[in-house]
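Structure file query32.txt with compact mmCIF, C-alpha atoms:
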# COMPACT_ATOMS: atom_id res chain seq x y z
CA MET Q 1 9.63 17.38 20.71
CA SER Q 2 9.26 20.21 18.21
CA ILE Q 3 11.33 22.14 15.74
CA THR Q 4 10.97 25.74 14.57
CA GLY Q 5 11.39 28.13 11.65
CA GLU Q 6 14.33 27.54 9.34
CA ALA Q 7 15.19 24.14 10.77
CA ARG Q 8 11.62 22.94 10.15
CA ARG Q 9 11.84 24.21 6.57
CA GLN Q 10 15.13 22.32 6.04
CA LEU Q 11 13.84 19.13 7.64
CA LEU Q 12 10.61 19.12 5.64
CA LEU Q 13 12.51 19.75 2.40
CA LEU Q 14 14.87 16.91 3.27
CA THR Q 15 11.93 14.63 4.06
CA THR Q 16 10.27 15.53 0.74
CA LEU Q 17 13.51 14.65 -1.05
CA TYR Q 18 13.73 11.34 0.83
CA PHE Q 19 10.13 10.45 0.02
CA ALA Q 20 10.73 11.29 -3.65
CA ILE Q 21 13.59 8.75 -3.64
CA LEU Q 22 11.44 6.17 -1.85
CA PHE Q 23 8.59 6.80 -4.29
CA LEU Q 24 10.82 6.22 -7.30
CA GLU Q 25 12.45 3.09 -5.86
CA SER Q 26 9.08 1.66 -4.88
CA ASP Q 27 7.41 2.71 -8.12
CA VAL Q 28 9.94 1.32 -10.60
CA ASN Q 29 9.89 -2.03 -8.85
CA HIS Q 30 6.17 -2.32 -8.08
CA VAL Q 31 4.43 -0.84 -11.13
CA PRO Q 32 5.83 -3.47 -13.56
CA LEU Q 33 4.57 -6.19 -11.18
CA LEU Q 34 1.13 -4.60 -11.21
CA SER Q 35 1.13 -4.27 -14.97
CA ALA Q 36 1.95 -7.96 -15.22
CA GLY Q 37 -1.41 -8.52 -13.51
CA TRP Q 38 -0.37 -9.79 -10.11
CA LEU Q 39 0.42 -8.56 -6.59
CA THR Q 40 -2.23 -5.81 -6.51
CA TYR Q 41 -1.35 -5.07 -2.87
CA ALA Q 42 2.03 -3.91 -4.19
CA LEU Q 43 0.09 -0.78 -5.12
CA ILE Q 44 -0.19 0.22 -1.44
CA PRO Q 45 3.31 1.73 -0.99
CA VAL Q 46 3.11 3.48 -4.38
CA VAL Q 47 -0.24 5.09 -3.51
CA TRP Q 48 0.72 5.93 0.06
CA LEU Q 49 4.06 7.43 -0.91
CA SER Q 50 2.27 9.61 -3.51
CA PHE Q 51 -0.18 10.74 -0.81
CA SER Q 52 2.69 11.37 1.63
CA LEU Q 53 4.49 13.51 -0.95
CA LEU Q 54 1.33 15.56 -1.52
CA ALA Q 55 0.85 15.99 2.26
CA LEU Q 56 4.49 17.05 2.72
CA MET Q 57 4.28 19.63 -0.05
CA ALA Q 58 0.88 20.93 1.16
CA ALA Q 59 2.23 21.42 4.70
CA GLN Q 60 5.08 23.54 3.32
CA LEU Q 61 3.00 25.55 0.86
CA TRP Q 62 -0.02 26.16 3.10
CA PRO Q 63 1.06 25.66 6.73
CA SER Q 64 -2.04 25.34 8.92
CA ALA Q 65 -3.63 23.06 11.50
CA ALA Q 66 -5.41 21.16 8.69
CA THR Q 67 -2.29 20.47 6.61
CA SER Q 68 -0.39 19.62 9.80
CA ARG Q 69 -3.05 17.02 10.66
CA LEU Q 70 -2.98 15.70 7.08
CA LEU Q 71 0.79 15.32 7.34
CA HIS Q 72 0.46 13.44 10.62
CA VAL Q 73 -2.02 11.02 9.05
CA ALA Q 74 0.26 10.55 6.04
CA MET Q 75 3.36 9.94 8.16
CA ILE Q 76 1.71 7.58 10.65
CA GLY Q 77 0.31 5.66 7.68
CA ALA Q 78 3.74 5.62 6.04
CA ALA Q 79 5.32 4.26 9.23
CA LEU Q 80 2.76 1.44 9.22
CA VAL Q 81 3.17 0.75 5.49
CA GLY Q 82 6.92 0.41 6.10
CA ILE Q 83 6.54 -2.00 9.00
CA ILE Q 84 3.80 -4.10 7.37
CA GLY Q 85 5.74 -4.13 4.07
CA VAL Q 86 8.47 -6.21 5.70
CA PHE Q 87 6.15 -9.24 5.73
CA PRO Q 88 5.38 -9.55 1.98
CA HIS Q 89 9.08 -8.95 1.31
CA LEU Q 90 9.91 -11.77 3.75
CA ALA Q 91 7.37 -13.99 2.01
CA ALA Q 92 8.98 -13.21 -1.36
CA ASN Q 93 12.21 -14.59 0.10
CA GLY Q 94 10.57 -17.86 1.11
CA VAL Q 95 9.71 -17.06 4.76
CA THR Q 96 6.20 -18.45 5.26
CA TRP Q 97 4.18 -20.02 8.09
CA ASN Q 98 5.15 -23.40 6.63
CA ASN Q 99 8.80 -22.45 6.33
CA PRO Q 100 9.69 -20.16 9.27
CA GLY Q 101 13.23 -21.54 9.30
CA ALA Q 102 14.03 -19.38 6.25
CA LEU Q 103 13.96 -16.39 8.64
CA PHE Q 104 17.31 -17.54 10.03
CA ASN Q 105 18.95 -17.93 6.66
CA PRO Q 106 22.08 -15.71 6.72
CA ALA Q 107 21.49 -14.84 3.06
CA LEU Q 108 18.07 -13.36 3.86
CA LEU Q 109 19.39 -9.77 4.11
CA HIS Q 110 20.88 -10.13 0.62
CA GLY Q 111 17.44 -11.04 -0.74
CA GLN Q 112 15.80 -9.52 -3.81
CA PRO Q 113 13.56 -7.90 -2.69
CA GLY Q 114 15.37 -7.14 0.58
CA PRO Q 115 13.05 -7.73 3.54
CA GLN Q 116 14.49 -4.66 5.28
CA TRP Q 117 13.80 -2.27 2.39
CA PRO Q 118 10.26 -1.19 3.44
CA LEU Q 119 11.65 0.01 6.78
CA ALA Q 120 13.22 2.91 4.87
CA ILE Q 121 9.66 4.31 4.61
CA THR Q 122 9.29 4.11 8.40
CA ILE Q 123 12.61 5.97 8.82
CA GLY Q 124 11.33 8.75 6.53
CA ALA Q 125 8.05 8.91 8.45
CA VAL Q 126 9.92 9.69 11.68
CA LEU Q 127 11.55 12.72 10.01
CA GLY Q 128 8.17 13.83 8.63
CA LEU Q 129 6.50 13.52 12.02
CA ILE Q 130 9.16 15.67 13.69
CA GLY Q 131 9.03 18.24 10.88
CA GLY Q 132 5.23 18.33 10.92
CA ASN Q 133 4.79 18.50 14.67
CA GLY Q 134 3.50 21.94 15.74
CA ILE Q 135 3.34 23.61 12.31
CA ALA Q 136 0.16 25.45 13.30
CA GLN Q 137 1.94 27.09 16.25
CA ASP Q 138 5.14 27.94 14.38
CA ALA Q 139 4.64 31.59 13.37
CA ALA Q 140 8.18 31.92 11.94
CA PHE Q 141 7.60 28.96 9.61
CA GLN Q 142 4.19 30.27 8.52
CA ARG Q 143 5.56 33.75 7.79
CA ALA Q 144 8.40 32.56 5.55
CA ALA Q 145 6.86 31.88 2.15
CA VAL Q 146 8.11 28.97 0.07
CA GLY Q 147 10.41 30.32 -2.67
CA TRP Q 148 10.02 29.79 -6.41
CA PRO Q 149 12.83 27.22 -6.72
CA THR Q 150 11.02 25.05 -4.17
CA ARG Q 151 7.69 25.53 -5.97
CA ILE Q 152 9.31 24.45 -9.25
CA ALA Q 153 10.78 21.37 -7.53
CA PHE Q 154 7.33 20.52 -6.13
CA ILE Q 155 5.75 20.89 -9.59
CA LEU Q 156 8.40 18.51 -10.96
CA VAL Q 157 7.57 16.01 -8.20
CA LEU Q 158 3.87 16.24 -9.09
CA ILE Q 159 4.59 15.72 -12.81
CA GLY Q 160 6.88 12.79 -11.96
CA VAL Q 161 4.26 11.14 -9.74
CA ALA Q 162 1.54 11.61 -12.38
CA LEU Q 163 3.69 10.17 -15.18
CA SER Q 164 4.81 7.24 -13.04
CA ASP Q 165 1.25 5.92 -12.73
CA SER Q 166 1.40 4.13 -16.05
CA LEU Q 167 4.01 1.67 -17.31
CA ALA Q 168 4.07 3.48 -20.66
CA THR Q 169 5.28 6.75 -19.10
CA LEU Q 170 7.13 5.28 -16.09
CA GLY Q 171 10.55 5.95 -17.62
CA TRP Q 172 9.81 9.62 -18.19
CA GLY Q 173 8.18 9.93 -14.76
CA SER Q 174 11.26 8.41 -13.13
CA SER Q 175 13.54 10.79 -15.01
CA VAL Q 176 11.49 13.80 -13.85
CA ILE Q 177 11.58 12.55 -10.24
CA VAL Q 178 15.38 12.23 -10.45
CA VAL Q 179 15.65 15.84 -11.67
CA ALA Q 180 13.27 16.96 -8.91
CA ALA Q 181 15.27 15.06 -6.27
CA LEU Q 182 18.55 16.65 -7.35
CA PHE Q 183 16.86 20.04 -7.38
CA LEU Q 184 15.46 19.49 -3.87
CA LEU Q 185 18.91 18.49 -2.62
CA ALA Q 186 20.41 21.69 -4.02
CA ILE Q 187 17.61 23.79 -2.46
CA THR Q 188 17.99 22.10 0.95
CA LEU Q 189 21.75 22.70 0.94
CA ARG Q 190 21.19 26.31 -0.09
CA GLU Q 191 18.68 26.76 2.78
CA ILE Q 192 21.17 25.31 5.28
CA MET Q 193 23.94 27.62 4.08
CA ALA Q 194 21.60 30.65 4.06
CA ALA Q 195 20.52 29.89 7.64
CA GLU Q 196 24.19 29.71 8.66
CA ARG Q 197 24.93 33.05 7.03
CA ASN Q 198 21.92 34.65 8.79
CA ALA Q 199 23.03 33.20 12.14
CA ALA Q 200 26.52 34.63 11.63
CA MET S 1 17.00 16.13 25.28
CA THR S 2 16.92 18.61 22.39
CA VAL S 3 15.57 17.93 18.91
CA ARG S 4 19.09 18.59 17.66
CA ARG S 5 20.56 15.72 19.68
CA PHE S 6 17.70 13.48 18.54
CA LEU S 7 18.44 14.31 14.89
CA VAL S 8 22.15 13.56 15.39
CA ALA S 9 21.13 10.21 16.90
CA PHE S 10 18.80 9.71 13.95
CA THR S 11 21.73 10.38 11.60
CA VAL S 12 23.58 7.57 13.41
CA VAL S 13 20.73 5.11 12.77
CA PHE S 14 20.22 6.24 9.17
CA ALA S 15 23.94 6.14 8.26
CA GLY S 16 24.36 2.79 10.05
CA ALA S 17 21.42 1.27 8.20
CA LEU S 18 22.78 2.48 4.85
CA ALA S 19 26.25 1.17 5.71
CA ILE S 20 24.81 -2.28 6.50
CA GLU S 21 22.74 -2.19 3.32
CA THR S 22 25.70 -1.40 1.06
CA LEU S 23 28.04 -3.75 2.93
CA ASN S 24 25.49 -6.49 2.15
CA TYR S 25 24.75 -5.71 -1.47
CA HIS S 26 28.07 -4.40 -2.72
CA THR S 27 29.79 -7.50 -1.34
CA ILE S 28 27.86 -9.82 -3.62
CA ALA S 29 27.40 -7.45 -6.50
CA THR S 30 30.39 -5.35 -7.35
CA ILE S 31 33.40 -5.18 -5.04
CA ALA S 32 35.03 -8.20 -6.67
CA LYS S 33 34.86 -6.36 -10.00
CA ASP S 34 35.39 -2.79 -8.86
CA ARG S 35 36.98 -1.69 -5.59
CA TRP S 36 35.46 1.80 -5.94
CA ALA S 37 32.18 0.14 -4.97
CA MET S 38 33.42 0.17 -1.37
CA ALA S 39 33.12 4.00 -1.28
CA PRO S 40 29.56 3.99 0.17
CA ASP S 41 30.55 1.33 2.73
CA LEU S 42 33.31 3.65 3.92
CA SER S 43 31.30 6.87 3.84
CA GLY S 44 28.39 5.25 5.72
CA ALA S 45 30.67 3.99 8.49
CA LEU S 46 32.49 7.35 8.57
CA LEU S 47 29.30 9.36 9.06
CA LEU S 48 28.03 6.88 11.66
CA SER S 49 31.28 7.27 13.57
CA ALA S 50 31.33 11.07 13.22
CA ALA S 51 27.75 11.44 14.47
CA LEU S 52 28.45 9.17 17.45
CA LEU S 53 31.54 11.23 18.21
CA VAL S 54 29.45 14.43 18.21
CA LEU S 55 27.01 12.82 20.64
CA ALA S 56 29.87 11.72 22.88
CA TRP S 57 32.05 14.80 22.66
CA PRO S 58 30.23 17.82 21.20
CA ARG S 59 33.11 20.14 20.48
CA ARG S 60 34.12 22.27 17.52
CA ALA S 61 36.54 19.57 16.24
CA SER S 62 33.99 16.74 16.32
CA ILE S 63 31.34 18.93 14.68
CA ALA S 64 33.84 19.87 11.94
CA PHE S 65 34.51 16.13 11.49
CA MET S 66 30.77 15.51 11.08
CA ILE S 67 30.46 18.33 8.55
CA GLY S 68 33.30 16.72 6.56
CA ALA S 69 31.71 13.26 6.80
CA GLY S 70 28.35 14.70 5.73
CA GLY S 71 29.98 16.42 2.75
CA ILE S 72 31.67 13.16 1.67
CA SER S 73 28.35 11.34 1.99
CA ILE S 74 26.67 13.91 -0.29
CA VAL S 75 29.40 13.50 -2.93
CA VAL S 76 29.17 9.68 -2.70
CA GLY S 77 25.39 9.89 -3.09
CA LEU S 78 25.55 12.08 -6.17
CA ALA S 79 28.34 10.09 -7.81
CA GLY S 80 26.52 6.85 -6.98
CA ILE S 81 23.56 7.78 -9.19
CA VAL S 82 25.87 8.15 -12.17
CA PHE S 83 27.67 4.87 -11.44
CA HIS S 84 24.44 2.94 -10.86
CA PHE S 85 22.93 4.29 -14.05
CA ALA S 86 26.08 3.78 -16.11
CA SER S 87 26.60 0.22 -14.84
CA ARG S 88 23.54 -0.84 -16.88
CA GLY S 89 25.31 0.28 -20.03
CA VAL S 90 22.41 2.64 -20.77
CA PRO S 91 23.33 5.89 -22.55
CA LEU S 92 22.08 9.03 -20.80
CA VAL S 93 19.90 9.93 -23.80
CA ASN S 94 17.82 6.83 -23.00
CA ALA S 95 17.00 8.06 -19.47
CA GLY S 96 13.34 8.31 -20.47
CA VAL S 97 13.16 4.66 -21.50
CA VAL S 98 11.38 2.67 -18.84
CA THR S 99 13.86 -0.21 -18.71
CA SER S 100 16.71 2.19 -17.97
CA TRP S 101 15.36 2.68 -14.43
CA LEU S 102 14.29 -0.87 -13.69
CA GLY S 103 16.16 -3.62 -11.87
CA ASN S 104 19.51 -3.47 -10.22
CA PRO S 105 21.47 -1.54 -9.21
CA PRO S 106 18.69 0.87 -8.19
CA PRO S 107 19.63 4.20 -9.79
CA LEU S 108 18.31 6.64 -7.20
CA ALA S 109 19.14 4.61 -4.07
CA PRO S 110 22.63 6.20 -3.72
CA LEU S 111 20.97 9.57 -3.26
CA GLU S 112 19.94 8.33 0.19
CA PHE S 113 23.59 8.90 1.12
CA ALA S 114 23.17 12.52 0.04
CA VAL S 115 20.03 12.73 2.22
CA VAL S 116 21.76 11.40 5.31
CA GLY S 117 24.80 13.59 4.61
CA THR S 118 22.54 16.64 4.38
CA LEU S 119 20.83 15.64 7.62
CA GLY S 120 24.28 15.42 9.23
CA LEU S 121 25.20 18.86 7.88
CA MET S 122 21.91 20.32 9.03
CA THR S 123 22.21 19.07 12.58
CA ALA S 124 25.89 19.99 12.83
CA LEU S 125 25.32 23.56 11.65
CA TRP S 126 22.02 24.17 13.46
CA GLU S 127 23.40 25.99 16.47
CA ARG S 128 20.04 27.39 17.51
CA GLY S 129 18.72 23.85 17.88
CA GLY S 130 19.86 23.70 21.47
CA PRO S 131 22.96 22.48 23.27
CA LEU S 132 24.58 19.23 22.25
CA ALA S 133 26.21 18.65 25.66
CA GLN S 134 24.64 17.95 29.09
CA ILE S 135 24.58 14.17 29.08
CA PRO S 136 25.57 11.58 31.68
CA SER S 137 29.09 10.19 31.47
CA ILE S 138 27.89 6.60 30.92
CA ALA S 139 25.97 7.69 27.83
CA SER S 140 29.00 9.63 26.65
CA ALA S 141 31.20 6.55 27.12
CA CYS S 142 28.75 4.40 25.13
CA TYR S 143 28.72 6.90 22.26
CA GLY S 144 32.51 7.12 22.36
CA LEU S 145 32.85 3.35 22.22
CA GLY S 146 30.32 3.29 19.39
CA ALA S 147 32.39 5.86 17.49
CA ILE S 148 35.53 3.75 17.93
CA LEU S 149 33.69 0.65 16.71
CA GLY S 150 32.42 2.65 13.73
CA LEU S 151 36.00 3.66 12.87
CA ALA S 152 37.12 0.03 13.27
CA ALA S 153 34.32 -0.99 10.87
CA LEU S 154 35.54 1.67 8.46
CA MET S 155 39.08 0.25 8.53
CA LEU S 156 37.78 -3.32 8.13
CA ALA S 157 35.63 -2.27 5.17
CA ALA S 158 38.69 -0.62 3.62
CA THR S 159 40.51 -3.97 3.73
CA THR S 160 37.37 -5.61 2.23
CA ALA S 161 36.78 -7.62 5.42
CA LEU S 162 33.11 -6.92 4.89
CA ALA S 163 31.50 -9.43 7.28
CA PRO S 164 33.51 -8.17 10.31
CA ALA S 165 32.86 -4.60 9.12
CA THR S 166 29.10 -5.28 9.14
CA ALA S 167 29.43 -6.75 12.64
CA GLY S 168 31.33 -3.59 13.68
CA VAL S 169 28.59 -1.30 12.36
CA ILE S 170 25.89 -3.36 14.10
CA ALA S 171 27.89 -3.30 17.37
CA ALA S 172 28.32 0.50 17.05
CA LEU S 173 24.56 0.89 16.54
CA VAL S 174 23.72 -1.33 19.52
CA ILE S 175 26.14 0.46 21.86
CA GLY S 176 25.00 3.84 20.54
CA ALA S 177 21.38 2.83 21.21
CA LEU S 178 22.37 1.85 24.74
CA GLY S 179 23.91 5.30 25.23
CA TYR S 180 20.73 6.90 23.91
CA LEU S 181 18.66 4.83 26.33
CA VAL S 182 20.81 6.03 29.24
CA GLU S 183 20.50 9.60 27.99
CA ILE S 184 16.69 9.49 27.71
CA THR S 185 16.36 7.89 31.14
CA HIS S 186 18.62 10.56 32.59
CA SER S 187 16.64 13.38 30.90
CA ASP S 188 13.39 12.02 32.36
CA ARG S 189 14.92 11.89 35.81
CA VAL S 190 16.18 15.47 35.51
CA THR S 191 12.74 16.63 34.33
CA GLY S 192 11.14 14.80 37.27
CA LEU S 193 13.51 16.50 39.73
CA ASP S 194 12.75 19.87 38.15
CA ARG S 195 9.05 19.28 38.56
CA ARG S 196 9.45 18.26 42.19
CA GLY S 197 11.67 21.26 42.79
Starting from the file, lay out its structure as structure tokens.
Amino acid sequence: MSITGEARRQLLLLTTLYFAILFLESDVNHVPLLSAGWLTYALIPVVWLSFSLLALMAAQLWPSAATSRLLHVAMIGAALVGIIGVFPHLAANGVTWNNPGALFNPALLHGQPGPQWPLAITIGAVLGLIGGNGIAQDAAFQRAAVGWPTRIAFILVLIGVALSDSLATLGWGSSVIVVAALFLLAITLREIMAAERNAA
Amino acid sequence: MTVRRFLVAFTVVFAGALAIETLNYHTIATIAKDRWAMAPDLSGALLLSAALLVLAWPRRASIAFMIGAGGISIVVGLAGIVFHFASRGVPLVNAGVVTSWLGNPPPLAPLEFAVVGTLGLMTALWERGGPLAQIPSIASACYGLGAILGLAALMLAATTALAPATAGVIAALVIGALGYLVEITHSDRVTGLDRRG
């Protein structure tokens, strides 16, 4: 199953936007836990989402077999991080080997953290895998250079990710990611409308 | 099976998941205080229903319906950020303060509605992505039933009967998945026949 040219561009932009949202949501909830000195494995989604964002942007800026492979690794890893992440979230809601009955508690889906939340990363990974599949063979996608608005949005994402690493700058990093996400949404919509105009 | 049909089906799953999520959290958090908080419940169910309708009956009218539902979802997503941020009582000038982004409600989560709305728009407008038709009638019937259940969930959510609305969304997703299963099985069989031929 593959996708070509403009549609690939739109889908990869959309996936980048989605991962930026997931990064922020994961980051603002996990980094304070880490700074409090516990749950070091909570770093895994933060690190992997940062890596996934880098892989997504690299595949759009420099489409090649290498960046396509990098994107595949990032997305398969993200799918696994999402699935495995369900278990610590379940544990945080009291579902343990000693208390499996908590799994059938109707209030479980209302939990904080929600046990279903990590699956959002797996959903994003599916979009990334489709968008990244066959980049090396997609001449139309490789020919169309990434525009300056997209490059600016990517730079904002990078700045946001870098600032979000520390609790001291997390607020500013989050704000930059929000701006980048809104910018990416506008660019994606513009790309969709431009493709429609070209088709007409 | 074209990528386009897959992405429409993906929109169904994505919108359904978001609808369930907001039906769960907005019930306990905000609807009692503010009925506007049901907007994402409604837009999620609407997009789910519209995407299922496109899968069942890919015509100009159903595609226009999906474009409209996608547009509403984008607006809900963008407005949601403002509402989630404002509900903390944090002035916008303090956006750079770390605590302004922590806790609940999650400020950027509503933008997921904009993402799924954009995905809906993209798949609806992407005419070169292949035909949306050519599916077995059983699959079409499943999608159609799913779309009706999605609309029923929408109406239930509008009357704040949120538990039945959640059940309606889940039923729509299950029946839609059944239709997708029939469709994939059918595609494989057609491919097999083509190979033999």
TODO: Enumerate as a ChimeraX atom specification the residues belonging to chain Q that approach chain S to within 8 Å, with all atoms listed in the file taken into account.
DONE: /Q:1-3,7,10-11,14,17-18,21,24-25,28-29,109-110,123,167-175,178,185,188-189,192,196
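Restricting the calculation to all atoms listed in the file, the smallest distance between Ile138 in chain S and any of S:Val54, S:Val182, S:Ala19, S:Ala79 is found for S:Val182.
Here the question is which of Q:His30, Q:Arg190, Q:Arg151, Q:Arg197 gets nearest to Ala58 in chain Q using all atoms listed in the file, and that residue is Q:Arg151.
In this model, the gap between CA of Ala92 in chain Q and CA of Asp27 in chain Q comes to 17.4 Å.
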TODO: Grab the CA of Val90 in chain S to CA of Phe23 in chain Q distance for me, in Å with one decimal place.
DONE: 21.9 Å
Task: Nearest-residue call for Ala144 in chain Q, choices Q:Thr40, Q:Thr16, Q:Thr4, Q:Ser164, using all atoms listed in the file - done: Q:Thr4
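Residue nearest Arg8 in chain Q, chosen from Q:Ala78, Q:Leu49, Q:Ala140, Q:Leu108 and counting all atoms listed in the file: Q:Ala140.
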Task: Residue neighbourhood range 151-166 of chain S, 7 Å, all atoms listed in the file, exclusion window fewer than 6 positions, as a VMD selection string - done: chain S and resid 20 23 41 to 42 45 to 46 49
Task: Two-atom distance - CA of Asp165 in chain Q, CA of Met57 in chain Q (Å) - done: 18.9 Å
Task: Of the listed residues S:Ala172, S:Gly179, S:Ser137, S:Gly71, that which approaches Gly16 in chain S most closely, counting all atoms listed in the file - done: S:Ala172
Could you work out an axis-aligned box for range 59-71 of chain Q, taking every atom the file lists and adding 3 Å on each side, and report centre and edge lengths in Å to one decimal, as lines of an AutoDock Vina configuration file?
center_x = -0.2
center_y = 20.7
center_z = 6.2
size_x = 16.5
size_y = 16.8
size_z = 16.6
TODO: Could you please give me, as a ChimeraX atom specification, the residues of protein, DNA or RNA lying at most 9 Å from (29.2, 12.4, 1.2) in the coordinate frame of the file, considering all atoms listed in the file?
DONE: /S:40,43-44,47,68-78,113-114,116-118
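With all atoms listed in the file taken into account, the protein and nucleic acid residues at most 8 Å from range 82-89 of chain Q (excluding it and anything under 5 positions from it in its own chain) are Pro113, Gly114, Pro115, Gln116, Trp117, Pro118, Leu119, Ala120, Ile121 and Thr122 of chain Q.
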Selected residues, C-alpha atoms, written as a PDB file, in the coordinates of the input, please.
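Output contents, as saved in out02.pdb:
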ATOM      1  CA  PRO Q 113      13.560  -7.900  -2.690  1.00  0.00           C
ATOM      2  CA  GLY Q 114      15.370  -7.140   0.580  1.00  0.00           C
ATOM      3  CA  PRO Q 115      13.050  -7.730   3.540  1.00  0.00           C
ATOM      4  CA  GLN Q 116      14.490  -4.660   5.280  1.00  0.00           C
ATOM      5  CA  TRP Q 117      13.800  -2.270   2.390  1.00  0.00           C
ATOM      6  CA  PRO Q 118      10.260  -1.190   3.440  1.00  0.00           C
ATOM      7  CA  LEU Q 119      11.650   0.010   6.780  1.00  0.00           C
ATOM      8  CA  ALA Q 120      13.220   2.910   4.870  1.00  0.00           C
ATOM      9  CA  ILE Q 121       9.660   4.310   4.610  1.00  0.00           C
ATOM     10  CA  THR Q 122       9.290   4.110   8.400  1.00  0.00           C
TER      11      THR Q 122
END
